[in-house]
file input_10.cif (mmCIF, C-alpha atoms and all ligand atoms)
data_protein
#
loop_
_atom_site.label_atom_id
_atom_site.label_comp_id
_atom_site.auth_asym_id
_atom_site.auth_seq_id
_atom_site.Cartn_x
_atom_site.Cartn_y
_atom_site.Cartn_z
CA MET A 1 0.00 0.00 0.00
CA GLU A 2 1.30 3.46 -0.80
CA SER A 3 2.08 5.79 2.03
CA ILE A 4 -0.86 7.89 3.29
CA GLY A 5 -0.20 11.63 3.43
CA ILE A 6 -1.21 13.23 6.71
CA GLY A 7 -1.15 16.79 8.01
CA ILE A 8 -0.92 17.68 11.69
CA ALA A 9 -2.53 20.94 12.84
CA GLY A 10 -1.00 21.85 16.20
CA PHE A 11 2.40 20.66 17.36
CA GLY A 12 2.18 20.94 21.13
CA THR A 13 2.54 18.08 23.56
CA VAL A 14 0.25 15.66 21.73
CA GLY A 15 1.08 16.72 18.16
CA SER A 16 4.80 16.26 18.70
CA GLY A 17 4.10 12.98 20.50
CA VAL A 18 2.21 11.67 17.46
CA TYR A 19 5.11 12.60 15.18
CA LYS A 20 7.71 11.09 17.52
CA ASN A 21 5.79 7.84 18.00
CA LEU A 22 4.99 7.46 14.31
CA GLU A 23 8.74 7.64 13.70
CA LYS A 24 9.43 5.20 16.51
CA ASN A 25 6.80 2.57 15.67
CA GLY A 26 6.10 3.27 12.01
CA SER A 27 7.48 -0.06 10.80
CA LEU A 28 5.52 -1.98 13.43
CA LEU A 29 2.39 -0.16 12.34
CA ARG A 30 3.11 -1.03 8.71
CA GLU A 31 3.58 -4.72 9.55
CA ARG A 32 0.36 -4.84 11.53
CA THR A 33 -1.92 -2.75 9.36
CA GLY A 34 -0.28 -2.62 5.96
CA ALA A 35 -0.41 1.17 6.19
CA SER A 36 2.39 3.69 6.34
CA PHE A 37 2.04 7.39 6.95
CA SER A 38 4.04 10.33 5.77
CA VAL A 39 3.66 13.65 7.55
CA ARG A 40 3.53 16.13 4.69
CA LYS A 41 2.71 19.27 6.61
CA VAL A 42 2.54 20.46 10.21
CA ALA A 43 0.68 23.68 10.99
CA VAL A 44 2.02 25.63 13.96
CA LYS A 45 1.27 29.08 15.35
CA ASN A 46 4.91 30.05 15.63
CA PRO A 47 7.07 28.43 12.93
CA GLY A 48 10.30 29.97 14.22
CA LYS A 49 10.01 28.40 17.69
CA LYS A 50 12.67 25.87 18.76
CA ARG A 51 11.03 22.48 19.31
CA GLU A 52 11.85 19.34 21.22
CA VAL A 53 10.99 17.25 18.13
CA GLU A 54 12.63 18.52 14.97
CA LEU A 55 10.70 18.58 11.70
CA PRO A 56 12.20 18.28 8.22
CA ALA A 57 12.55 21.46 6.18
CA GLY A 58 9.48 22.46 4.20
CA VAL A 59 7.01 20.63 6.45
CA VAL A 60 6.13 23.50 8.78
CA THR A 61 3.49 26.03 7.81
CA PRO A 62 1.80 28.77 9.85
CA ASP A 63 -1.61 28.10 8.25
CA TRP A 64 -3.72 24.95 8.68
CA ARG A 65 -5.48 25.82 5.42
CA ASP A 66 -2.32 24.64 3.66
CA LEU A 67 -3.08 21.13 4.99
CA VAL A 68 -6.62 21.24 3.65
CA ALA A 69 -5.42 22.57 0.29
CA ASP A 70 -2.77 19.84 -0.19
CA PRO A 71 -4.28 17.13 -2.45
CA GLU A 72 -1.72 14.59 -1.16
CA ILE A 73 -2.98 14.95 2.42
CA ARG A 74 -5.78 12.42 2.98
CA VAL A 75 -6.02 12.73 6.77
CA VAL A 76 -5.85 15.89 8.88
CA VAL A 77 -4.97 15.46 12.55
CA GLU A 78 -6.46 18.36 14.53
CA LEU A 79 -4.62 18.97 17.81
CA MET A 80 -4.74 22.77 17.96
CA GLY A 81 -6.84 23.29 21.08
CA GLY A 82 -9.58 25.89 21.37
CA VAL A 83 -12.93 25.63 19.64
CA GLU A 84 -13.59 28.28 16.98
CA GLU A 85 -10.55 27.69 14.77
CA PRO A 86 -10.73 23.89 14.96
CA LEU A 87 -14.41 24.14 14.03
CA GLN A 88 -13.44 26.09 10.92
CA LEU A 89 -10.79 23.48 10.14
CA PHE A 90 -13.33 20.65 10.48
CA ARG A 91 -15.79 22.38 8.16
CA GLU A 92 -13.19 23.03 5.48
CA ALA A 93 -11.47 19.64 5.76
CA ILE A 94 -14.78 17.73 5.56
CA LEU A 95 -15.88 19.77 2.56
CA ALA A 96 -12.52 18.91 0.95
CA GLY A 97 -13.27 15.20 1.62
CA LYS A 98 -10.45 14.68 4.13
CA ILE A 99 -10.70 12.33 7.09
CA VAL A 100 -10.20 14.23 10.35
CA VAL A 101 -8.69 12.79 13.54
CA THR A 102 -8.98 14.88 16.69
CA GLY A 103 -8.50 14.89 20.44
CA ASN A 104 -10.62 18.00 20.92
CA LYS A 105 -13.31 17.17 23.47
CA ALA A 106 -14.64 20.70 23.90
CA LEU A 107 -15.16 21.03 20.16
CA LEU A 108 -17.07 17.74 19.87
CA ALA A 109 -19.13 18.34 23.01
CA GLU A 110 -20.18 21.79 21.82
CA HIS A 111 -20.43 21.22 18.05
CA GLY A 112 -20.63 17.44 17.60
CA HIS A 113 -24.15 17.65 16.20
CA GLU A 114 -23.15 20.00 13.38
CA ILE A 115 -19.81 18.35 12.69
CA PHE A 116 -21.18 14.83 12.31
CA GLN A 117 -24.16 15.98 10.28
CA LEU A 118 -21.78 17.59 7.82
CA ALA A 119 -19.38 14.63 7.86
CA ASN A 120 -22.17 12.12 7.28
CA SER A 121 -23.66 14.17 4.47
CA LYS A 122 -20.24 14.17 2.78
CA ASN A 123 -19.49 10.54 3.69
CA VAL A 124 -16.31 11.59 5.49
CA PRO A 125 -15.22 9.55 8.53
CA LEU A 126 -14.06 11.26 11.73
CA PHE A 127 -12.07 9.66 14.56
CA TYR A 128 -11.64 10.98 18.10
CA GLU A 129 -10.26 8.30 20.41
CA ALA A 130 -7.87 10.81 22.03
CA ALA A 131 -10.76 13.08 23.07
CA VAL A 132 -11.86 10.87 25.96
CA ALA A 133 -9.63 9.41 28.65
CA GLY A 134 -6.28 9.84 26.84
CA GLY A 135 -4.79 6.42 26.11
CA ILE A 136 -7.81 4.31 27.17
CA PRO A 137 -9.54 2.93 24.04
CA ILE A 138 -13.04 3.63 25.31
CA ILE A 139 -14.35 5.15 22.07
CA GLN A 140 -13.43 2.08 20.03
CA ALA A 141 -14.84 -0.11 22.78
CA VAL A 142 -18.24 1.60 22.78
CA ARG A 143 -18.39 2.02 19.00
CA HIS A 144 -17.21 -1.46 18.07
CA ALA A 145 -16.67 -3.93 20.90
CA PHE A 146 -20.02 -3.15 22.59
CA VAL A 147 -22.00 -2.38 19.45
CA GLY A 148 -24.43 -5.20 20.31
CA ASN A 149 -25.26 -3.76 23.72
CA ARG A 150 -27.62 -1.24 25.14
CA ILE A 151 -25.36 0.74 27.44
CA GLU A 152 -27.18 0.96 30.75
CA SER A 153 -24.63 3.16 32.47
CA MET A 154 -21.08 4.40 32.49
CA GLN A 155 -19.33 5.89 35.46
CA GLY A 156 -15.91 7.33 35.07
CA ILE A 157 -13.02 9.25 36.46
CA LEU A 158 -12.35 11.28 33.34
CA ASN A 159 -10.07 14.06 34.53
CA GLY A 160 -6.58 13.19 35.67
CA THR A 161 -5.78 16.56 37.21
CA SER A 162 -8.75 16.60 39.56
CA ASN A 163 -8.17 12.95 40.46
CA TYR A 164 -4.54 13.79 41.29
CA ILE A 165 -5.66 16.67 43.53
CA LEU A 166 -8.25 14.58 45.37
CA THR A 167 -5.76 11.72 45.78
CA ARG A 168 -3.15 14.03 47.30
CA MET A 169 -5.75 15.52 49.64
CA GLN A 170 -6.75 12.01 50.65
CA ASP A 171 -3.21 10.69 51.11
CA THR A 172 -1.62 13.64 52.89
CA GLY A 173 -4.48 15.59 54.46
CA MET A 174 -3.46 18.68 52.50
CA ASP A 175 -6.14 21.15 51.42
CA PHE A 176 -7.30 21.92 47.90
CA ALA A 177 -5.09 24.96 47.10
CA PRO A 178 -1.66 23.36 47.80
CA ALA A 179 -2.74 20.15 46.03
CA LEU A 180 -3.67 22.21 42.97
CA ALA A 181 -0.35 24.08 43.11
CA GLU A 182 1.44 20.73 43.19
CA ALA A 183 -0.54 19.46 40.18
CA GLN A 184 0.44 22.61 38.29
CA GLU A 185 4.12 22.27 39.23
CA LEU A 186 4.11 18.70 37.95
CA GLY A 187 2.56 19.87 34.69
CA TYR A 188 -0.69 17.89 35.14
CA ALA A 189 -2.99 20.88 35.44
CA GLU A 190 -3.01 23.53 32.75
CA ALA A 191 -1.64 26.99 33.57
CA ASP A 192 -5.34 27.90 33.66
CA PRO A 193 -6.73 24.78 35.31
CA ALA A 194 -10.32 26.06 35.30
CA LEU A 195 -11.82 23.34 33.08
CA ASP A 196 -9.98 20.60 34.96
CA ILE A 197 -11.24 21.60 38.38
CA ASN A 198 -14.66 23.04 37.57
CA GLY A 199 -15.75 19.70 36.09
CA TRP A 200 -16.19 20.86 32.49
CA ASP A 201 -13.28 18.91 30.99
CA ALA A 202 -14.86 15.74 32.37
CA ALA A 203 -18.32 16.93 31.30
CA HIS A 204 -17.17 17.37 27.68
CA LYS A 205 -15.88 13.80 27.73
CA ALA A 206 -19.12 12.57 29.32
CA ILE A 207 -21.17 14.27 26.58
CA ILE A 208 -19.12 12.43 23.94
CA LEU A 209 -19.60 9.07 25.69
CA ALA A 210 -23.32 9.75 26.05
CA SER A 211 -23.59 10.56 22.34
CA LEU A 212 -22.19 7.13 21.49
CA ALA A 213 -24.26 5.31 24.06
CA TYR A 214 -27.55 7.08 23.43
CA GLY A 215 -27.43 8.38 19.86
CA LYS A 216 -27.84 12.08 20.61
CA TRP A 217 -25.77 15.10 21.51
CA ILE A 218 -26.81 16.27 24.94
CA PRO A 219 -26.79 20.08 25.22
CA SER A 220 -24.32 21.17 27.88
CA SER A 221 -27.17 23.07 29.57
CA GLN A 222 -28.72 19.69 30.43
CA VAL A 223 -25.62 18.28 32.09
CA TYR A 224 -25.31 18.80 35.83
CA VAL A 225 -21.72 19.86 36.56
CA GLN A 226 -20.15 20.52 39.96
CA GLY A 227 -16.37 20.93 40.26
CA ILE A 228 -14.02 19.93 43.04
CA GLU A 229 -13.28 23.49 44.25
CA GLY A 230 -15.64 23.07 47.19
CA VAL A 231 -14.09 19.85 48.50
CA THR A 232 -12.06 20.50 51.65
CA ALA A 233 -9.60 18.38 53.60
CA TYR A 234 -12.34 18.07 56.25
CA ASP A 235 -14.75 16.53 53.76
CA ILE A 236 -12.12 14.03 52.67
CA ARG A 237 -11.45 13.12 56.30
CA PHE A 238 -15.12 12.83 57.30
CA ALA A 239 -15.92 10.79 54.18
CA ASP A 240 -13.01 8.50 54.98
CA MET A 241 -14.32 7.91 58.51
CA LEU A 242 -17.70 7.01 57.02
CA GLY A 243 -16.10 4.48 54.62
CA TYR A 244 -15.89 6.56 51.44
CA LYS A 245 -13.45 8.35 49.17
CA ILE A 246 -14.42 11.52 47.34
CA LYS A 247 -13.91 11.31 43.56
CA LEU A 248 -15.01 13.51 40.67
CA ILE A 249 -17.36 11.06 38.99
CA ALA A 250 -18.90 11.42 35.55
CA SER A 251 -22.11 9.45 35.45
CA ILE A 252 -24.00 8.59 32.25
CA ARG A 253 -27.14 6.61 32.71
CA ALA A 254 -30.29 5.49 30.89
CA HIS A 255 -33.30 5.20 33.17
CA GLU A 256 -35.91 2.51 32.73
CA ASP A 257 -38.32 4.99 31.13
CA GLY A 258 -35.69 5.71 28.43
CA ARG A 259 -34.70 9.11 29.78
CA ILE A 260 -31.01 9.73 30.08
CA ALA A 261 -28.99 11.58 32.69
CA VAL A 262 -25.46 12.92 32.51
CA ARG A 263 -23.78 14.51 35.49
CA VAL A 264 -20.29 15.25 36.76
CA CYS A 265 -19.84 15.95 40.45
CA PRO A 266 -17.74 15.15 43.49
CA THR A 267 -19.18 11.88 44.75
CA LEU A 268 -18.61 9.78 47.86
CA ILE A 269 -17.58 6.34 46.60
CA PRO A 270 -17.45 3.39 49.04
CA HIS A 271 -13.87 2.30 49.76
CA GLU A 272 -14.57 -1.12 48.27
CA HIS A 273 -15.93 0.29 44.97
CA VAL A 274 -13.56 -0.34 42.09
CA LEU A 275 -13.36 3.36 41.19
CA ALA A 276 -12.19 4.23 44.72
CA SER A 277 -8.83 2.63 44.01
CA VAL A 278 -8.15 4.76 40.92
CA SER A 279 -5.46 7.14 42.17
CA GLY A 280 -3.33 9.99 40.93
CA VAL A 281 -3.62 11.09 37.31
CA PHE A 282 -5.18 7.80 36.20
CA ASN A 283 -8.61 7.59 34.58
CA ALA A 284 -11.09 4.73 34.64
CA ILE A 285 -14.47 3.94 33.16
CA TRP A 286 -16.82 1.34 34.52
CA LEU A 287 -19.46 0.40 31.96
CA ARG A 288 -22.54 -1.75 32.19
CA GLY A 289 -24.10 -3.16 29.01
CA ASP A 290 -27.24 -5.31 28.85
CA VAL A 291 -25.39 -8.11 27.06
CA VAL A 292 -21.78 -7.86 28.23
CA GLY A 293 -22.54 -6.99 31.86
CA GLU A 294 -19.86 -4.98 33.63
CA SER A 295 -16.54 -3.92 32.12
CA LEU A 296 -13.75 -1.81 33.53
CA PHE A 297 -11.22 0.31 31.65
CA TYR A 298 -8.21 1.82 33.41
CA GLY A 299 -5.23 3.79 32.18
CA ARG A 300 -3.53 7.10 31.66
CA GLY A 301 -6.03 9.80 30.83
CA ALA A 302 -3.56 12.47 29.77
CA GLY A 303 0.00 13.03 28.68
CA GLN A 304 1.98 12.95 25.47
CA ASP A 305 2.50 9.24 24.89
CA PRO A 306 -0.86 7.84 26.05
CA THR A 307 -2.79 10.44 24.07
CA SER A 308 -0.67 10.01 20.95
CA SER A 309 -1.21 6.25 21.22
CA SER A 310 -4.93 6.94 20.70
CA VAL A 311 -4.32 9.32 17.81
CA ILE A 312 -2.16 6.69 16.08
CA ALA A 313 -4.89 4.07 16.58
CA ASP A 314 -7.25 6.48 14.81
CA LEU A 315 -4.77 6.87 11.95
CA ALA A 316 -4.75 3.09 11.57
CA GLN A 317 -8.56 3.13 11.40
CA ALA A 318 -8.46 5.94 8.86
CA ALA A 319 -6.03 3.87 6.77
CA ALA A 320 -8.40 0.88 6.92
CA VAL A 321 -11.27 3.03 5.64
CA LEU A 322 -9.10 4.45 2.86
CA GLY A 323 -8.00 0.93 1.94
CA ARG A 324 -11.41 -0.67 1.75
CA GLY A 325 -13.50 2.39 0.87
CA GLY A 326 -16.76 3.36 2.49
CA ASN A 327 -17.45 5.29 5.65
CA ASP A 328 -16.97 4.46 9.29
CA ARG A 329 -19.52 6.73 10.88
CA GLY A 330 -18.08 8.17 14.06
CA PHE A 331 -21.52 8.90 15.43
CA ALA A 332 -24.91 7.50 14.53
CA ALA A 333 -27.95 9.51 15.57
CA HIS A 334 -31.04 7.54 16.65
CA ASP A 335 -34.19 7.97 18.70
CA LEU A 336 -34.08 4.86 20.83
CA TYR A 337 -33.75 6.87 24.02
CA GLY A 338 -35.80 9.69 25.48
CA ASP A 339 -34.95 13.22 26.55
CA CYS A 340 -32.70 14.12 29.42
CA LEU A 341 -34.04 13.48 32.88
CA PRO A 342 -34.30 16.91 34.53
CA MET A 343 -31.69 17.09 37.28
CA ALA A 344 -34.39 18.05 39.80
CA GLU A 345 -35.92 14.58 39.33
CA SER A 346 -32.70 12.62 39.70
CA LEU A 347 -32.32 10.50 42.82
CA SER A 348 -29.22 10.10 44.93
CA PRO A 349 -28.16 9.65 48.52
CA TYR A 350 -26.26 12.70 49.79
CA TYR A 351 -23.49 13.80 52.14
CA LEU A 352 -24.26 17.13 53.81
CA ARG A 353 -21.67 18.96 55.89
CA LEU A 354 -22.80 21.91 57.98
CA ALA A 355 -21.03 24.29 60.31
CA VAL A 356 -23.46 25.05 63.12
CA GLU A 357 -23.78 26.66 66.54
CA ASP A 358 -23.14 24.22 69.37
CA ARG A 359 -26.44 24.49 71.25
CA PRO A 360 -29.55 22.37 71.94
CA GLY A 361 -32.24 22.26 69.27
CA VAL A 362 -29.98 22.84 66.26
CA LEU A 363 -30.12 19.26 65.03
CA ALA A 364 -33.90 19.19 65.56
CA GLN A 365 -34.40 22.25 63.34
CA ILE A 366 -32.31 20.75 60.55
CA ALA A 367 -33.97 17.34 60.84
CA GLY A 368 -37.37 19.07 60.71
CA ILE A 369 -36.58 20.79 57.42
CA LEU A 370 -35.31 17.54 55.91
CA ALA A 371 -38.41 15.69 57.08
CA ASN A 372 -40.66 18.37 55.54
CA HIS A 373 -39.00 17.61 52.21
CA ASP A 374 -39.35 13.89 52.64
CA ILE A 375 -35.61 13.37 53.06
CA GLY A 376 -34.53 10.67 55.49
CA ILE A 377 -31.37 10.82 57.59
CA ALA A 378 -29.18 7.69 57.44
CA SER A 379 -26.62 8.82 60.01
CA VAL A 380 -25.32 11.88 61.80
CA MET A 381 -21.72 12.52 62.74
CA GLN A 382 -20.60 15.36 64.93
CA SER A 383 -16.88 16.04 65.00
CA GLN A 384 -15.07 16.12 68.31
CA GLY A 385 -14.19 19.76 68.79
CA LEU A 386 -14.87 22.92 66.87
CA ILE A 387 -13.34 23.87 63.52
CA ASP A 388 -12.79 27.62 63.17
CA GLY A 389 -15.11 28.11 66.16
CA LYS A 390 -17.94 26.19 64.49
CA LEU A 391 -19.27 22.73 65.07
CA PRO A 392 -19.08 20.47 61.98
CA LEU A 393 -22.17 18.36 61.58
CA ILE A 394 -22.17 15.67 58.91
CA LEU A 395 -25.41 14.09 57.78
CA MET A 396 -25.59 11.09 55.49
CA LEU A 397 -28.97 11.29 53.80
CA HIS A 398 -31.07 8.59 52.21
CA GLN A 399 -31.90 8.74 48.53
CA ALA A 400 -33.65 12.02 47.72
CA ARG A 401 -34.70 13.96 44.65
CA HIS A 402 -32.17 16.61 43.70
CA GLY A 403 -34.89 19.29 43.47
CA LYS A 404 -36.20 18.54 46.98
CA MET A 405 -32.64 18.42 48.27
CA GLN A 406 -31.91 21.88 46.86
CA GLU A 407 -35.10 23.31 48.40
CA ALA A 408 -34.20 21.85 51.78
CA LEU A 409 -30.64 23.11 51.45
CA ALA A 410 -31.83 26.66 50.79
CA GLU A 411 -33.96 26.56 53.96
CA ILE A 412 -31.17 25.04 56.02
CA SER A 413 -28.67 27.64 54.74
CA SER A 414 -30.93 30.45 55.91
CA LEU A 415 -31.15 29.17 59.52
CA ARG A 416 -29.37 31.47 61.97
CA CYS A 417 -27.68 28.51 63.60
CA VAL A 418 -26.00 27.54 60.29
CA LEU A 419 -22.74 29.49 60.24
CA ALA A 420 -21.16 28.74 56.86
CA GLU A 421 -22.08 27.64 53.37
CA PRO A 422 -23.14 23.95 53.51
CA ARG A 423 -21.30 21.38 51.41
CA LEU A 424 -23.46 18.87 49.58
CA PHE A 425 -22.02 15.95 47.63
CA HIS A 426 -23.61 12.96 45.93
CA VAL A 427 -23.02 9.53 47.41
CA GLU A 428 -22.68 6.40 45.35
CA PRO A 429 -25.04 3.80 46.84
CA THR A 430 -23.12 1.05 48.60
CA LYS A 431 -23.55 -1.50 45.82
CA LYS A 432 -20.19 -3.18 45.44
CA VAL A 433 -18.51 -3.88 42.12
N1 LIG B 501 -6.38 17.99 31.46
C1 LIG B 501 -6.97 16.70 31.27
C2 LIG B 501 -6.81 15.87 32.54
C3 LIG B 501 -6.37 15.92 30.15
O1 LIG B 501 -6.22 16.33 33.50
O2 LIG B 501 -7.31 14.76 32.54
C4 LIG B 501 -6.86 16.37 28.83
O3 LIG B 501 -8.26 16.28 28.77
#

call {"tool": "encode", "arguments": {"input": "input_10.cif", "output": "structure tokens"}}
result
Amino acid sequence: MESIGIGIAGFGTVGSGVYKNLEKNGSLLRERTGASFSVRKVAVKNPGKKREVELPAGVVTPDWRDLVADPEIRVVVELMGGVEEPLQLFREAILAGKIVVTGNKALLAEHGHEIFQLANSKNVPLFYEAAVAGGIPIIQAVRHAFVGNRIESMQGILNGTSNYILTRMQDTGMDFAPALAEAQELGYAEADPALDINGWDAAHKAIILASLAYGKWIPSSQVYVQGIEGVTAYDIRFADMLGYKIKLIASIRAHEDGRIAVRVCPTLIPHEHVLASVSGVFNAIWLRGDVVGESLFYGRGAGQDPTSSSVIADLAQAAAVLGRGGNDRGFAAHDLYGDCLPMAESLSPYYLRLAVEDRPGVLAQIAGILANHDIGIASVMQSQGLIDGKLPLILMLHQARHGKMQEALAEISSLRCVLAEPRLFHVEPTKKV
């Protein structure tokens, strides 16, 4: 087979990793797939910049449109970051009939509907393994290995940075801010780590997984997202005493009535749950299909080599499509599932931490409000001693509707005896995996 011309748009950590690893394992790839790749052009913002991976003369261009215009380039690898410019690249590359490979989760989560409609109308395949969970092949698994399943649920740790921060808080007792600073020093968190810690990086990945599982692009406005900024060392310690770890969990679920729910939030996970043992920058996805049952995926969710491993797997798929012809639709819309379950209707047990005055009657007032909203208390824990002059009161609550819980929380927050903003986290029911 002749060599397939590719263009890489963006030569940062992942782009240079793809180039480096194609050089390193190109012959292995050729033996296994029959395909070889030649990088004809690399688009970079700053062509004069000194790079860790050197590129041959004539390959570098400042304009990604040169990749689209090159008739020898059959596959464009989009690793630029951002949303607006990559969207433009996708539109132009698809119209030019080029296969696009990407790791851009924000782009797909926000514009997947438009992009795949255009790609399908032009019969152009798109591949995006690197967009979700770095080196873990979860996209191929859902698209191909589990194609004969209805996906009942997926739960995942989809952001390495936030998992690193929570792990360090758990292991050392340190608070959120120093753990974040450490993650930044180690290069895990971005210089602006907002999307990592506010839950949206994981939410973009969850939207992509939900699109594959349920055949529709869920608008981000219908995804419940809570970041880890509000998790304190106290919460980690109290949760630990109660038998849980706190993890940022992305949950994608089809309810029996067909409605689907996607949420990302700090969640108390029982120590014995398989996701509780996923530490540091690792990612994991636990999936339940109606035919296969339960499956677990674990691996590196970020970083140059793991992510470029996924991009190269997509190049191999692109080569297979080019070799045999036809399309390999990256997303297939269907109406087998219903709308999104409104978050207010979703059910979960909760962890509620309050800072209250230490006097008789306080617990009775709080319990009264919960009872008025039909929310049962599973257990109450009062810490020995005051924290910052306030008494921490931790309530583990039975399953409640999110809407009712929020109403009760507003009432509880307005009590004079409640001295600080309450912390409310979801709890994973104690079902063991
Ligand atoms: N910043 C992400 C993480 C990796 O920490 O998992 C890229 O999505």

call {"tool": "residues_around", "arguments": {"input": "input_10.cif", "residues": "stretch 64-70 of chain A", "least_positions_apart": "5", "cutoff": "9 Å", "atoms": "all atoms listed in the file", "output": "VMD selection string"}}
result
chain A and resid 6 to 10 40 to 44 76 89 92 to 93 96 98

call {"tool": "write_last_selection", "arguments": {"input": "input_10.cif", "atoms": "C-alpha atoms", "output": "mmCIF file, keeping the file's coordinate frame"}}
result
data_model
loop_
_atom_site.group_PDB
_atom_site.id
_atom_site.type_symbol
_atom_site.label_atom_id
_atom_site.label_comp_id
_atom_site.auth_asym_id
_atom_site.auth_seq_id
_atom_site.Cartn_x
_atom_site.Cartn_y
_atom_site.Cartn_z
ATOM 1 C CA ILE A 6 -1.210 13.230 6.710
ATOM 2 C CA GLY A 7 -1.150 16.790 8.010
ATOM 3 C CA ILE A 8 -0.920 17.680 11.690
ATOM 4 C CA ALA A 9 -2.530 20.940 12.840
ATOM 5 C CA GLY A 10 -1.000 21.850 16.200
ATOM 6 C CA ARG A 40 3.530 16.130 4.690
ATOM 7 C CA LYS A 41 2.710 19.270 6.610
ATOM 8 C CA VAL A 42 2.540 20.460 10.210
ATOM 9 C CA ALA A 43 0.680 23.680 10.990
ATOM 10 C CA VAL A 44 2.020 25.630 13.960
ATOM 11 C CA VAL A 76 -5.850 15.890 8.880
ATOM 12 C CA LEU A 89 -10.790 23.480 10.140
ATOM 13 C CA GLU A 92 -13.190 23.030 5.480
ATOM 14 C CA ALA A 93 -11.470 19.640 5.760
ATOM 15 C CA ALA A 96 -12.520 18.910 0.950
ATOM 16 C CA LYS A 98 -10.450 14.680 4.130
#

call {"tool": "closest_residue", "arguments": {"input": "input_10.cif", "among": "A:Glu345, A:Asp235, A:Asp192, A:Glu31", "to": "ligand LIG 501 (chain B)", "atoms": "all atoms listed in the file"}}
result
A:Asp192

call {"tool": "atom_distance", "arguments": {"input": "input_10.cif", "atom1": "atom CA of A:His204", "atom2": "atom CA of A:Pro429"}}
result
24.8 Å

call {"tool": "residues_near_ligand", "arguments": {"input": "input_10.cif", "ligand": "ligand LIG 501 (chain B)", "cutoff": "8 Å", "atoms": "only C-alpha atoms and all ligand atoms", "output": "list in words"}}
result
Lys105, Ala131, Val132, Ala133, Gly134, Leu158, Asn159, Gly160, Thr161, Ser162, Asn163, Tyr188, Ala189, Glu190, Pro193, Leu195, Asp196, Asp201, Ala202, Val281, Asn283, Gly301, Ala302 and Gly303 of chain A

call {"tool": "closest_residue", "arguments": {"input": "input_10.cif", "among": "A:Ser279, A:Leu126, A:Gln170, A:Glu294", "to": "A:Asn149", "atoms": "all atoms listed in the file"}}
result
A:Glu294

call {"tool": "closest_residue", "arguments": {"input": "input_10.cif", "among": "A:Gln155, A:Ser379, A:Ser310, A:Gln184", "to": "A:Cys265", "atoms": "only C-alpha atoms"}}
result
A:Gln155

call {"tool": "closest_residue", "arguments": {"input": "input_10.cif", "among": "A:Gly289, A:Pro71, A:Pro349, A:Gly299", "to": "A:Ala400", "atoms": "all atoms listed in the file"}}
result
A:Pro349

call {"tool": "closest_residue", "arguments": {"input": "input_10.cif", "among": "A:Ser383, A:Thr33, A:Thr232, A:Ser348", "to": "A:Ser251", "atoms": "only C-alpha atoms"}}
result
A:Ser348

call {"tool": "closest_residue", "arguments": {"input": "input_10.cif", "among": "A:Ile99, A:Ala119, A:Ala145, A:Ala106", "to": "A:Val291", "atoms": "only C-alpha atoms"}}
result
A:Ala145

call {"tool": "atom_distance", "arguments": {"input": "input_10.cif", "atom1": "atom CA of A:Met154", "atom2": "atom CA of A:Ile252"}}
result
5.1 Å

call {"tool": "residues_around", "arguments": {"input": "input_10.cif", "residues": "A:Asn21", "least_positions_apart": "3", "cutoff": "8 Å", "atoms": "all atoms listed in the file", "output": "PyMOL selection string"}}
result
chain A and resi 17-18+24-26+305+308-309

call {"tool": "atom_distance", "arguments": {"input": "input_10.cif", "atom1": "atom CA of A:Gly103", "atom2": "atom CA of A:Ala130"}}
result
4.4 Å
